[in-house]
$ cat run.cif   # mmCIF, C-alpha atoms and all ligand atoms
data_data
loop_
_atom_site.label_atom_id
_atom_site.label_comp_id
_atom_site.auth_asym_id
_atom_site.auth_seq_id
_atom_site.Cartn_x
_atom_site.Cartn_y
_atom_site.Cartn_z
CA MET A 1076 4.86 16.14 23.89
CA LYS A 1077 7.71 15.40 26.30
CA ASP A 1078 6.68 14.30 29.80
CA ASN A 1079 7.38 17.54 31.66
CA VAL A 1080 5.98 19.64 28.82
CA THR A 1081 2.78 17.58 28.89
CA ALA A 1082 2.54 17.86 32.68
CA ARG A 1083 2.91 21.66 32.50
CA ARG A 1084 0.29 21.86 29.79
CA LEU A 1085 -2.16 19.70 31.72
CA LEU A 1086 -1.61 21.88 34.78
CA GLN A 1087 -2.48 24.97 32.69
CA VAL A 1088 -5.57 23.28 31.30
CA GLY A 1089 -6.59 22.34 34.85
CA GLU A 1090 -6.30 26.02 35.86
CA GLN A 1091 -8.73 26.93 33.08
CA PHE A 1092 -11.21 24.50 34.63
CA ARG A 1093 -10.54 25.84 38.15
CA LEU A 1094 -9.16 22.55 39.45
CA GLU A 1095 -7.80 22.96 42.96
CA GLY A 1096 -4.95 21.36 44.79
CA PRO A 1097 -1.38 20.68 43.74
CA PHE A 1098 -0.94 18.74 40.53
CA PHE A 1099 0.54 15.36 41.42
CA SER A 1100 0.95 13.16 38.30
CA TYR A 1101 -0.62 12.11 35.05
CA GLU A 1102 -0.81 9.14 32.73
CA GLU A 1103 -1.91 8.97 29.11
CA ILE A 1104 -4.78 6.61 28.37
CA SER A 1105 -3.90 5.28 24.96
CA SER A 1106 -6.93 3.15 24.06
CA GLY A 1107 -8.72 5.79 21.90
CA ASN A 1108 -7.79 5.99 18.23
CA VAL A 1109 -8.76 9.61 17.73
CA ASN A 1110 -8.61 11.87 20.82
CA HIS A 1111 -5.81 12.31 23.38
CA THR A 1112 -6.88 11.37 26.90
CA TYR A 1113 -5.05 11.81 30.20
CA LYS A 1114 -5.82 10.75 33.73
CA VAL A 1115 -4.55 13.62 35.86
CA ASN A 1116 -4.06 13.30 39.61
CA TYR A 1117 -4.29 16.23 42.00
CA ILE A 1118 -3.62 16.28 45.73
CA ARG A 1119 -6.46 17.33 47.97
CA ASP A 1120 -7.02 17.65 51.68
CA ASP A 1121 -9.62 15.08 52.72
CA GLY A 1122 -10.99 17.50 55.33
CA THR A 1123 -9.05 16.02 58.24
CA GLY A 1124 -5.66 17.29 57.11
CA MET A 1125 -4.75 14.09 55.27
CA ALA A 1126 -3.76 14.22 51.63
CA VAL A 1127 -5.84 12.29 49.11
CA ILE A 1128 -5.47 11.86 45.38
CA LYS A 1129 -8.28 13.31 43.29
CA PRO A 1130 -8.19 12.12 39.68
CA TYR A 1131 -9.72 13.86 36.64
CA LEU A 1132 -9.88 12.97 32.97
CA MET A 1133 -8.57 15.57 30.55
CA GLN A 1134 -9.15 15.18 26.86
CA ARG A 1135 -7.90 17.01 23.81
CA LEU A 1136 -10.34 16.47 20.97
CA ASN A 1137 -9.07 15.62 17.52
CA MET A 1138 -10.12 18.54 15.37
CA TYR A 1139 -9.27 16.73 12.15
CA ALA A 1140 -12.08 14.34 13.07
CA PHE A 1141 -14.41 16.82 14.78
CA HIS A 1142 -14.55 20.06 12.81
CA ASN A 1143 -17.03 21.63 15.18
CA PRO A 1144 -16.25 20.51 18.73
CA VAL A 1145 -18.60 23.05 20.29
CA GLU A 1146 -21.45 21.17 18.60
CA VAL A 1147 -20.03 17.91 19.95
CA MET A 1148 -20.30 19.31 23.47
CA GLU A 1149 -23.82 20.61 22.83
CA ASN A 1150 -24.91 17.10 21.90
CA ILE A 1151 -23.21 15.56 24.91
CA GLU A 1152 -24.68 18.10 27.31
CA LYS A 1153 -28.22 17.54 26.00
CA VAL A 1154 -27.95 13.77 26.11
CA THR A 1155 -26.30 13.52 29.53
CA GLU A 1156 -28.83 15.98 30.96
CA HIS A 1157 -31.72 13.89 29.60
CA ILE A 1158 -30.26 10.74 31.15
CA ARG A 1159 -29.54 12.52 34.45
CA VAL A 1160 -33.13 13.69 34.79
CA LYS A 1161 -34.49 10.24 33.96
CA HIS A 1162 -32.05 8.29 36.12
CA PRO A 1163 -30.88 10.69 38.84
CA ASP A 1164 -29.25 7.95 40.91
CA ALA A 1165 -27.26 6.36 38.10
CA VAL A 1166 -23.60 7.15 37.40
CA ASN A 1167 -23.50 9.87 34.74
CA LEU A 1168 -20.76 11.83 33.02
CA HIS A 1169 -19.91 15.07 34.75
CA PHE A 1170 -18.03 17.81 32.90
CA HIS A 1171 -16.20 20.61 34.66
CA HIS A 1172 -16.81 24.23 33.75
CA THR A 1173 -14.39 27.04 33.00
CA ASN A 1174 -14.65 30.53 34.52
CA ASP A 1175 -16.95 31.56 31.70
CA LYS A 1176 -19.18 28.56 32.42
CA LYS A 1177 -18.24 26.50 29.39
CA THR A 1178 -17.57 22.77 29.38
CA TYR A 1179 -14.60 23.29 27.09
CA TYR A 1180 -11.51 25.43 26.66
CA ILE A 1181 -10.31 26.32 23.18
CA ALA A 1182 -6.57 26.93 22.91
CA GLU A 1183 -3.95 26.99 20.19
CA ASP A 1184 -3.10 23.36 20.76
CA GLY A 1185 -6.72 22.25 20.52
CA PHE A 1186 -10.02 21.78 22.24
CA TRP A 1187 -9.90 20.64 25.84
CA ARG A 1188 -12.48 19.29 28.26
CA VAL A 1189 -12.33 17.84 31.76
CA TYR A 1190 -14.49 15.12 33.29
CA THR A 1191 -14.72 13.80 36.80
CA TYR A 1192 -12.87 10.50 36.84
CA VAL A 1193 -15.11 7.49 37.54
CA PRO A 1194 -13.20 4.66 39.26
CA ALA A 1195 -13.98 1.63 37.12
CA VAL A 1196 -12.55 -1.10 34.95
CA THR A 1197 -12.79 -1.36 31.17
CA PHE A 1198 -12.21 -4.27 28.83
CA ASP A 1199 -10.65 -4.18 25.37
CA ASN A 1200 -11.10 -7.83 24.73
CA CYS A 1201 -13.27 -10.02 26.86
CA ASP A 1202 -14.60 -13.54 26.70
CA ASP A 1203 -16.28 -13.43 30.11
CA LEU A 1204 -19.88 -13.80 28.93
CA THR A 1205 -21.37 -12.15 32.01
CA ILE A 1206 -19.37 -9.01 31.32
CA VAL A 1207 -20.26 -9.09 27.62
CA ARG A 1208 -23.96 -9.53 28.45
CA ASN A 1209 -23.70 -6.57 30.83
CA ALA A 1210 -22.13 -4.51 28.03
CA GLY A 1211 -25.07 -5.46 25.77
CA ARG A 1212 -27.47 -4.38 28.51
CA ALA A 1213 -25.58 -1.10 28.95
CA PHE A 1214 -25.84 -0.15 25.27
CA GLY A 1215 -29.46 -1.37 25.24
CA ASN A 1216 -30.20 0.79 28.29
CA PHE A 1217 -28.48 3.72 26.63
CA GLN A 1218 -30.79 3.34 23.64
CA MET A 1219 -33.83 3.04 25.92
CA SER A 1220 -32.86 6.08 28.04
CA LEU A 1221 -32.92 8.17 24.87
CA ILE A 1222 -36.01 6.64 23.31
CA ASP A 1223 -38.02 9.75 24.22
CA PHE A 1224 -35.28 12.18 23.18
CA ASP A 1225 -35.94 13.98 19.92
CA ALA A 1226 -33.03 12.95 17.65
CA SER A 1227 -33.53 16.01 15.45
CA LYS A 1228 -32.24 18.15 18.36
CA LEU A 1229 -28.76 16.71 17.82
CA ASN A 1230 -26.08 18.20 15.61
CA TYR A 1231 -24.53 16.02 12.92
CA THR A 1232 -21.04 16.49 14.30
CA ILE A 1233 -19.47 14.19 11.71
CA PRO A 1234 -21.83 14.24 8.75
CA ASP A 1235 -22.39 10.85 7.11
CA PHE A 1236 -20.44 9.15 9.88
CA HIS A 1237 -22.04 5.76 9.23
CA ASN A 1238 -23.05 6.37 5.64
CA THR A 1239 -21.32 3.29 4.29
CA ARG A 1240 -21.96 4.21 0.70
CA LYS A 1241 -20.26 7.59 1.15
CA ARG A 1242 -17.35 5.87 2.92
CA TYR A 1243 -16.97 3.63 -0.12
CA GLU A 1244 -17.23 6.56 -2.52
CA LYS A 1245 -14.45 8.35 -0.65
CA LEU A 1246 -12.28 5.24 -0.77
CA ILE A 1247 -12.83 4.90 -4.53
CA THR A 1248 -12.02 8.58 -5.15
CA ASP A 1249 -8.87 8.46 -3.03
CA ALA A 1250 -7.79 5.21 -4.67
CA SER A 1251 -8.10 6.76 -8.07
CA SER A 1252 -5.91 9.73 -7.13
CA ASP A 1253 -3.69 7.52 -4.91
CA PRO A 1254 -1.90 10.55 -3.39
CA CYS A 1255 0.82 8.56 -1.60
CA GLY A 1256 1.33 5.86 -4.23
CA ARG A 1257 0.14 3.14 -1.83
CA LEU A 1258 -2.69 1.51 -3.78
CA ASP A 1259 -0.66 -1.28 -5.42
CA GLU A 1260 0.40 -2.59 -2.05
CA VAL A 1261 -3.22 -2.92 -0.86
CA ARG A 1262 -4.85 -3.85 -4.14
CA GLU A 1263 -6.09 -7.20 -2.84
CA GLU A 1264 -7.82 -5.63 0.16
CA TYR A 1265 -9.27 -2.86 -2.01
CA ASP A 1266 -10.65 -5.33 -4.54
CA TRP A 1267 -12.20 -7.51 -1.86
CA LEU A 1268 -13.92 -4.57 -0.21
CA LEU A 1269 -15.36 -3.45 -3.54
CA SER A 1270 -16.56 -6.99 -4.25
CA VAL A 1271 -18.88 -6.83 -1.19
CA MET A 1272 -19.88 -3.18 -1.56
CA LYS A 1273 -23.53 -3.86 -2.35
CA GLN A 1274 -24.09 -5.98 0.75
CA ALA A 1275 -22.00 -3.63 2.89
CA CYS A 1276 -24.23 -0.71 1.89
CA THR A 1277 -27.46 -2.47 2.90
CA LEU A 1278 -28.16 -0.33 5.99
CA THR A 1279 -27.45 2.93 4.17
CA ASP A 1280 -29.68 1.93 1.29
CA MET A 1281 -32.50 0.77 3.57
CA LEU A 1282 -32.32 4.01 5.55
CA ASN A 1283 -32.47 6.05 2.35
CA ALA A 1284 -35.45 3.99 1.21
CA GLY A 1285 -37.27 4.73 4.49
CA LYS A 1286 -37.17 1.10 5.67
CA LEU A 1287 -35.17 1.76 8.83
CA GLN A 1288 -35.77 4.53 11.31
CA LEU A 1289 -33.36 7.07 12.71
CA ARG A 1290 -33.00 6.99 16.47
CA VAL A 1291 -30.46 8.50 18.84
CA ALA A 1292 -27.37 6.36 18.37
CA HIS A 1293 -24.09 6.27 20.26
CA ASN A 1294 -22.23 5.37 17.06
CA ASP A 1295 -18.97 4.22 18.67
CA THR A 1296 -19.95 1.25 20.80
CA LYS A 1297 -16.64 -0.41 21.54
CA ILE A 1298 -16.86 -2.44 24.74
CA ASN A 1299 -14.12 -0.25 26.21
CA ASN A 1300 -16.65 2.58 26.08
CA VAL A 1301 -18.52 0.92 28.94
CA LEU A 1302 -17.27 1.48 32.48
CA PHE A 1303 -17.75 -1.50 34.81
CA ASP A 1304 -17.82 -1.62 38.60
CA GLU A 1305 -14.44 -2.86 39.83
CA LYS A 1306 -16.01 -5.44 42.16
CA THR A 1307 -19.41 -6.47 40.81
CA ARG A 1308 -18.57 -6.18 37.08
CA GLU A 1309 -21.96 -4.52 36.56
CA ALA A 1310 -21.94 -1.84 33.86
CA LEU A 1311 -21.87 1.65 35.41
CA VAL A 1312 -22.12 4.03 32.48
CA VAL A 1313 -21.55 4.31 28.75
CA ILE A 1314 -18.83 6.82 27.89
CA ASP A 1315 -17.33 8.53 24.81
CA LEU A 1316 -20.44 10.33 23.64
CA ASP A 1317 -18.63 12.35 20.96
CA THR A 1318 -20.45 10.67 18.12
CA VAL A 1319 -23.94 10.68 19.65
CA MET A 1320 -26.06 11.60 16.64
CA PRO A 1321 -29.13 10.40 14.83
CA GLY A 1322 -28.32 6.88 13.62
CA LEU A 1323 -29.54 3.30 13.34
CA VAL A 1324 -29.66 0.63 16.03
CA GLY A 1325 -27.66 -1.51 13.60
CA HIS A 1326 -24.83 0.99 13.80
CA ASP A 1327 -24.58 0.51 17.56
CA PHE A 1328 -25.18 -3.22 17.60
CA GLY A 1329 -22.91 -3.91 14.63
CA ASP A 1330 -20.00 -1.82 15.85
CA ALA A 1331 -20.18 -3.33 19.32
CA VAL A 1332 -20.07 -6.88 17.95
CA ARG A 1333 -17.31 -6.00 15.49
CA PHE A 1334 -15.11 -4.99 18.38
CA ALA A 1335 -16.16 -7.21 21.29
CA ALA A 1336 -16.86 -10.50 19.53
CA ASN A 1337 -13.65 -10.66 17.51
CA PHE A 1338 -11.32 -13.44 18.70
CA THR A 1339 -8.48 -10.94 18.31
CA GLU A 1340 -7.96 -7.24 18.86
CA GLU A 1341 -9.04 -5.05 15.97
CA ASP A 1342 -5.46 -4.48 14.87
CA SER A 1343 -4.09 -7.99 15.28
CA GLU A 1344 -1.37 -9.00 12.83
CA ASP A 1345 -2.21 -12.66 13.34
CA THR A 1346 -5.37 -12.77 11.25
CA SER A 1347 -5.33 -16.56 11.25
CA ARG A 1348 -6.95 -16.21 14.70
CA THR A 1349 -9.31 -13.37 13.75
CA GLY A 1350 -12.99 -14.25 13.51
CA LEU A 1351 -16.35 -13.96 15.18
CA ASN A 1352 -16.71 -15.62 18.56
CA LEU A 1353 -20.33 -16.81 18.46
CA ASN A 1354 -20.51 -17.22 22.23
CA VAL A 1355 -19.58 -13.59 22.75
CA PHE A 1356 -21.99 -12.60 20.00
CA TRP A 1357 -24.76 -14.57 21.71
CA ALA A 1358 -24.09 -12.96 25.11
CA PHE A 1359 -24.00 -9.44 23.67
CA ALA A 1360 -27.17 -10.01 21.61
CA GLN A 1361 -28.99 -11.34 24.66
CA GLY A 1362 -28.02 -8.35 26.81
CA TYR A 1363 -28.87 -5.83 24.10
CA LEU A 1364 -32.18 -7.41 23.14
CA GLU A 1365 -33.23 -7.97 26.74
CA LYS A 1366 -33.45 -4.18 26.94
CA THR A 1367 -34.55 -3.23 23.44
CA ALA A 1368 -36.57 -6.09 21.91
CA GLY A 1369 -39.83 -4.43 22.93
CA ILE A 1370 -39.25 -1.33 20.80
CA LEU A 1371 -37.33 -2.57 17.77
CA THR A 1372 -39.12 -2.97 14.45
CA LYS A 1373 -39.03 -6.22 12.49
CA GLU A 1374 -36.71 -4.64 9.91
CA GLU A 1375 -34.35 -3.53 12.66
CA ILE A 1376 -34.22 -6.99 14.18
CA ASP A 1377 -33.85 -8.66 10.80
CA THR A 1378 -30.83 -6.50 9.96
CA LEU A 1379 -28.97 -6.76 13.30
CA ALA A 1380 -26.81 -9.73 12.28
CA LEU A 1381 -25.99 -8.24 8.91
CA SER A 1382 -25.18 -4.89 10.55
CA CYS A 1383 -22.11 -6.52 12.12
CA PHE A 1384 -20.76 -7.36 8.67
CA VAL A 1385 -21.71 -3.86 7.44
CA LEU A 1386 -19.92 -2.05 10.26
CA THR A 1387 -16.84 -4.24 9.88
CA CYS A 1388 -16.59 -3.53 6.15
CA GLU A 1389 -17.27 0.14 6.74
CA LEU A 1390 -14.41 0.44 9.21
CA ALA A 1391 -12.15 -1.51 6.85
CA THR A 1392 -12.87 1.08 4.13
CA ARG A 1393 -12.08 3.87 6.61
CA PHE A 1394 -8.78 2.32 7.70
CA LEU A 1395 -7.80 1.58 4.11
CA ASP A 1396 -8.76 5.05 2.94
CA ASP A 1397 -6.74 6.59 5.77
CA TYR A 1398 -3.73 4.56 4.67
CA LEU A 1399 -4.13 5.73 1.08
CA ILE A 1400 -4.27 9.40 2.06
CA GLY A 1401 -1.27 9.16 4.40
CA ASP A 1402 -2.62 8.21 7.87
CA LYS A 1403 -4.32 11.49 8.67
CA TYR A 1404 -7.37 10.47 10.70
CA PHE A 1405 -6.55 7.55 13.01
CA LYS A 1406 -3.61 7.66 15.42
CA VAL A 1407 -1.04 5.15 14.16
CA LYS A 1408 1.49 3.40 16.38
CA LYS A 1409 3.53 1.92 13.50
CA PRO A 1410 3.99 2.72 9.78
CA LYS A 1411 1.52 0.15 8.41
CA HIS A 1412 -0.92 0.27 11.30
CA ASN A 1413 -3.89 1.18 9.09
CA VAL A 1414 -3.12 -1.69 6.67
CA ILE A 1415 -2.90 -4.11 9.59
CA ARG A 1416 -6.24 -2.83 10.88
CA THR A 1417 -7.79 -3.16 7.42
CA ARG A 1418 -6.61 -6.75 7.03
CA CYS A 1419 -7.94 -7.68 10.44
CA GLN A 1420 -11.37 -6.16 9.70
CA ILE A 1421 -11.49 -7.97 6.36
CA ALA A 1422 -10.65 -11.30 7.99
CA LEU A 1423 -13.43 -10.69 10.50
CA ALA A 1424 -15.92 -9.67 7.82
CA LYS A 1425 -15.18 -12.84 5.82
CA ASP A 1426 -15.77 -15.00 8.87
CA MET A 1427 -19.01 -13.15 9.65
CA LEU A 1428 -20.29 -13.90 6.15
CA GLU A 1429 -19.95 -17.61 6.90
CA LYS A 1430 -21.69 -17.24 10.25
CA LEU A 1431 -24.51 -14.89 9.24
CA GLY A 1432 -27.13 -17.65 9.41
CA ALA A 1433 -26.17 -18.59 12.96
CA MET A 1434 -25.94 -14.96 14.03
CA ASN A 1435 -29.39 -14.24 12.68
CA ALA A 1436 -30.85 -17.30 14.41
CA ILE A 1437 -29.42 -16.09 17.74
CA VAL A 1438 -30.85 -12.60 17.21
CA GLN A 1439 -34.30 -13.92 16.31
CA GLU A 1440 -34.37 -16.31 19.27
CA SER A 1441 -33.34 -13.60 21.74
CA ALA A 1442 -35.74 -11.05 20.28
CA THR A 1443 -38.66 -13.49 20.53
CA ARG A 1444 -37.73 -14.53 24.05
CA TYR A 1445 -37.52 -10.98 25.39
CA ARG A 1446 -40.62 -9.83 23.52
CA ASN A 1447 -42.58 -12.69 25.04
CA ALA A 1448 -41.18 -11.88 28.47
CA GLU A 1449 -42.46 -8.35 28.03
CA ASP A 1450 -45.90 -9.56 26.91
CA ARG A 1451 -46.11 -11.70 30.04
CA ALA A 1452 -45.17 -8.73 32.20
CA ASP A 1453 -47.89 -6.55 30.63
C1 LIG B 1 -12.34 5.65 16.66
O1 LIG B 1 -11.10 6.82 19.12
P1 LIG B 1 -12.09 5.73 19.34
O2 LIG B 1 -11.40 4.46 19.64
O3 LIG B 1 -13.15 6.09 20.31
C2 LIG B 1 -13.44 6.08 15.70
C3 LIG B 1 -14.47 4.95 15.58
C4 LIG B 1 -13.80 3.68 15.13
C5 LIG B 1 -12.69 3.34 16.11
C6 LIG B 1 -11.91 2.13 15.65
C7 LIG B 1 -14.82 9.55 15.99
O4 LIG B 1 -12.90 5.52 17.94
O5 LIG B 1 -15.44 5.33 14.62
O6 LIG B 1 -14.72 2.62 15.08
O7 LIG B 1 -11.76 4.42 16.25
N1 LIG B 1 -14.06 7.29 16.20
C8 LIG B 1 -14.24 8.33 15.38
O8 LIG B 1 -11.08 1.71 16.66
O9 LIG B 1 -13.96 8.31 14.20
MG MG B 2 -14.74 7.32 20.23
#

$ encode --input "run.cif" --output "structure tokens"
Amino acid sequence: MKDNVTARRLLQVGEQFRLEGPFFSYEEISSGNVNHTYKVNYIRDDGTGMAVIKPYLMQRLNMYAFHNPVEVMENIEKVTEHIRVKHPDAVNLHFHHTNDKKTYYIAEDGFWRVYTYVPAVTFDNCDDLTIVRNAGRAFGNFQMSLIDFDASKLNYTIPDFHNTRKRYEKLITDASSDPCGRLDEVREEYDWLLSVMKQACTLTDMLNAGKLQLRVAHNDTKINNVLFDEKTREALVVIDLDTVMPGLVGHDFGDAVRFAANFTEEDSEDTSRTGLNLNVFWAFAQGYLEKTAGILTKEEIDTLALSCFVLTCELATRFLDDYLIGDKYFKVKKPKHNVIRTRCQIALAKDMLEKLGAMNAIVQESATRYRNAEDRAD
């Protein structure tokens, strides 16, 4: 959309959510790969006659990704309400309501929702270990806040979201029909991914065999989905709850490491620098296990390191598949963006394979330390 057209549209969406005060400005927040997000500023009277800026977040959900956005909002409302009741003083996500008391507005151009804007900082790439440890704690706390929430109450808003085997099957099917004639160009990446398929499907296979348990999972644990206090750098709240569904702890842990502990961004073209930063891994694992070690099963702990490899391969199959079918799912900023992303994930996965032993040792050490700390506290 052109600037003024977007501004007009955001103003109309704001009216649906009964936002007051003149519309002042907006900016697009481009870090998400699926939804469209805008920070929208309104002018308000501060009560003494002075004008203040009141920001909101407006989001248009990607309906190619989320076929049933009403169910997405049902999940989010249940989960945020559960957290609000348990931790009334903590920062929580607050959605605005329309005249008919809904947290969404369905229009021809999509599915809109409005949140209160939380002043905070986010990090896309971060080697400050204190911040990374705080991110681990935040996702660990998220897991613990929902430990008494019945996962079966949640809708499967994207069925088989982290079913790695199904992701592979889709890739294989799309490669065999090769609708855009792109397979030859990515044959090397395709072959490598297939060569590690068995190991990459470990979590899926263990879940199907009843060896890992379903919990409430966030399922999209990029570090930029944690808001941090601008001054203290303490984590304030975990955001982007669109994919909250029953899932495995490995899905959350693995995806977080895949994103935060990579030396490069997830779509870096310079894959000679891509790889797992063990210091960042260590800090994240410590933060996460500090909160969760007491409840995780042995199988869960034993698969945490491998889950990072699994989630990295899984996302590589998703990026590669999206390239093969013509870039339909992920927003792309350049023609070969999905190939670049695939190559970067593969480079990371290869490096993780070499470091699996060290990663597992770190996980086991942290899990033991925090379990013992809990025993002492009992
Ligand atoms: C998408 O849009 P964003 O950045 O929150 C995707 C994740 C991927 C991620 C890769 C619903 O998340 O699964 O890991 O891109 N979300 C969905 O950057 O598919
Ligand atoms: Mg997301």

$ residues_around --input "run.cif" --residues "Asn1447 in chain A" --least-positions-apart "5" --cutoff "12 Å" --atoms "all atoms listed in the file" --output "PyMOL selection string"
chain A and resi 1364-1365+1368-1369+1440-1442+1452-1453

$ atom_distance --input "run.cif" --atom1 "CA of Ala1250 in chain A" --atom2 "CA of Asn1337 in chain A"
27.9 Å

$ closest_residue --input "run.cif" --among "A:Asn1108, A:Asn1352, A:Gln1218, A:Thr1372" --to "ligand MG 2 (chain B)" --atoms "only C-alpha atoms and all ligand atoms"
A:Asn1108

$ closest_residue --input "run.cif" --among "A:Arg1159, A:His1293, A:Arg1240, A:Arg1308" --to "Phe1198 in chain A" --atoms "all atoms listed in the file"
A:Arg1308

$ residues_around --input "run.cif" --residues "Ile1415 in chain A" --least-positions-apart "6" --cutoff "8 Å" --atoms "all atoms listed in the file" --output "ChimeraX atom specification"
/A:1342-1344

$ residues_around --input "run.cif" --residues "Met1148 in chain A" --least-positions-apart "3" --cutoff "8 Å" --atoms "all atoms listed in the file" --output "PyMOL selection string"
chain A and resi 1144-1145+1151-1152+1178-1179+1317

$ atom_distance --input "run.cif" --atom1 "CA of Ala1226 in chain A" --atom2 "CA of Val1291 in chain A"
5.3 Å

$ residues_around --input "run.cif" --residues "Val1196 in chain A" --least-positions-apart "2" --cutoff "6 Å" --atoms "all atoms listed in the file" --output "list of chain:residue names"
A:Leu1302, A:Phe1303, A:Glu1305

$ atom_distance --input "run.cif" --atom1 "CA of Leu1268 in chain A" --atom2 "CA of Arg1242 in chain A"
11.4 Å

$ residues_near_point --input "run.cif" --point "(-20.6, -16.8, 28.3)" --cutoff "12 Å" --atoms "only C-alpha atoms" --output "PyMOL selection string"
chain A and resi 1201-1209+1336+1352-1362

$ closest_residue --input "run.cif" --among "A:Glu1149, A:Phe1214, A:Val1088, A:Pro1234" --to "Thr1173 in chain A" --atoms "only C-alpha atoms"
A:Val1088

$ residues_near_ligand --input "run.cif" --ligand "ligand MG 2 (chain B)" --cutoff "9 Å" --atoms "all atoms listed in the file" --output "list in words"
Gly1107, Asn1108, Val1109, Asn1110, Asn1294, Asp1295, Thr1296, Lys1297, Asn1300, Ile1314, Asp1315, Leu1316, Asp1317 and Thr1318 of chain A

$ build_atoms --input "run.cif" --residues "range 1262-1279 of chain A" --atoms "N, CA and C atoms" --output "tab-separated table (two decimals), in the coordinates of the input"
chain	number	residue	atom	x	y	z
A	1262	ARG	N	-3.89	-3.57	-3.06
A	1262	ARG	CA	-4.85	-3.85	-4.14
A	1262	ARG	C	-5.80	-4.99	-3.77
A	1263	GLU	N	-5.26	-6.04	-3.17
A	1263	GLU	CA	-6.09	-7.20	-2.84
A	1263	GLU	C	-7.21	-6.82	-1.86
A	1264	GLU	N	-6.84	-6.05	-0.85
A	1264	GLU	CA	-7.82	-5.63	0.16
A	1264	GLU	C	-8.87	-4.71	-0.48
A	1265	TYR	N	-8.37	-3.80	-1.32
A	1265	TYR	CA	-9.27	-2.86	-2.01
A	1265	TYR	C	-10.27	-3.63	-2.87
A	1266	ASP	N	-9.77	-4.57	-3.65
A	1266	ASP	CA	-10.65	-5.33	-4.54
A	1266	ASP	C	-11.68	-6.14	-3.75
A	1267	TRP	N	-11.24	-6.72	-2.65
A	1267	TRP	CA	-12.20	-7.51	-1.86
A	1267	TRP	C	-13.31	-6.62	-1.30
A	1268	LEU	N	-12.90	-5.47	-0.78
A	1268	LEU	CA	-13.92	-4.57	-0.21
A	1268	LEU	C	-14.92	-4.14	-1.29
A	1269	LEU	N	-14.43	-3.85	-2.47
A	1269	LEU	CA	-15.36	-3.45	-3.54
A	1269	LEU	C	-16.27	-4.61	-3.94
A	1270	SER	N	-15.75	-5.84	-3.84
A	1270	SER	CA	-16.56	-6.99	-4.25
A	1270	SER	C	-17.78	-7.18	-3.33
A	1271	VAL	N	-17.73	-6.66	-2.10
A	1271	VAL	CA	-18.88	-6.83	-1.19
A	1271	VAL	C	-19.63	-5.51	-0.96
A	1272	MET	N	-19.33	-4.53	-1.79
A	1272	MET	CA	-19.88	-3.18	-1.56
A	1272	MET	C	-21.41	-3.18	-1.45
A	1273	LYS	N	-22.06	-3.93	-2.34
A	1273	LYS	CA	-23.53	-3.86	-2.35
A	1273	LYS	C	-24.09	-4.31	-0.99
A	1274	GLN	N	-23.59	-5.45	-0.53
A	1274	GLN	CA	-24.09	-5.98	0.75
A	1274	GLN	C	-23.69	-5.05	1.91
A	1275	ALA	N	-22.48	-4.51	1.82
A	1275	ALA	CA	-22.00	-3.63	2.89
A	1275	ALA	C	-22.81	-2.35	2.98
A	1276	CYS	N	-23.45	-1.96	1.87
A	1276	CYS	CA	-24.23	-0.71	1.89
A	1276	CYS	C	-25.70	-0.94	2.21
A	1277	THR	N	-26.04	-2.15	2.65
A	1277	THR	CA	-27.46	-2.47	2.90
A	1277	THR	C	-28.13	-1.49	3.87
A	1278	LEU	N	-27.49	-1.20	5.00
A	1278	LEU	CA	-28.16	-0.33	5.99
A	1278	LEU	C	-28.38	1.06	5.41
A	1279	THR	N	-27.34	1.59	4.76
A	1279	THR	CA	-27.45	2.93	4.17
A	1279	THR	C	-28.61	2.96	3.17
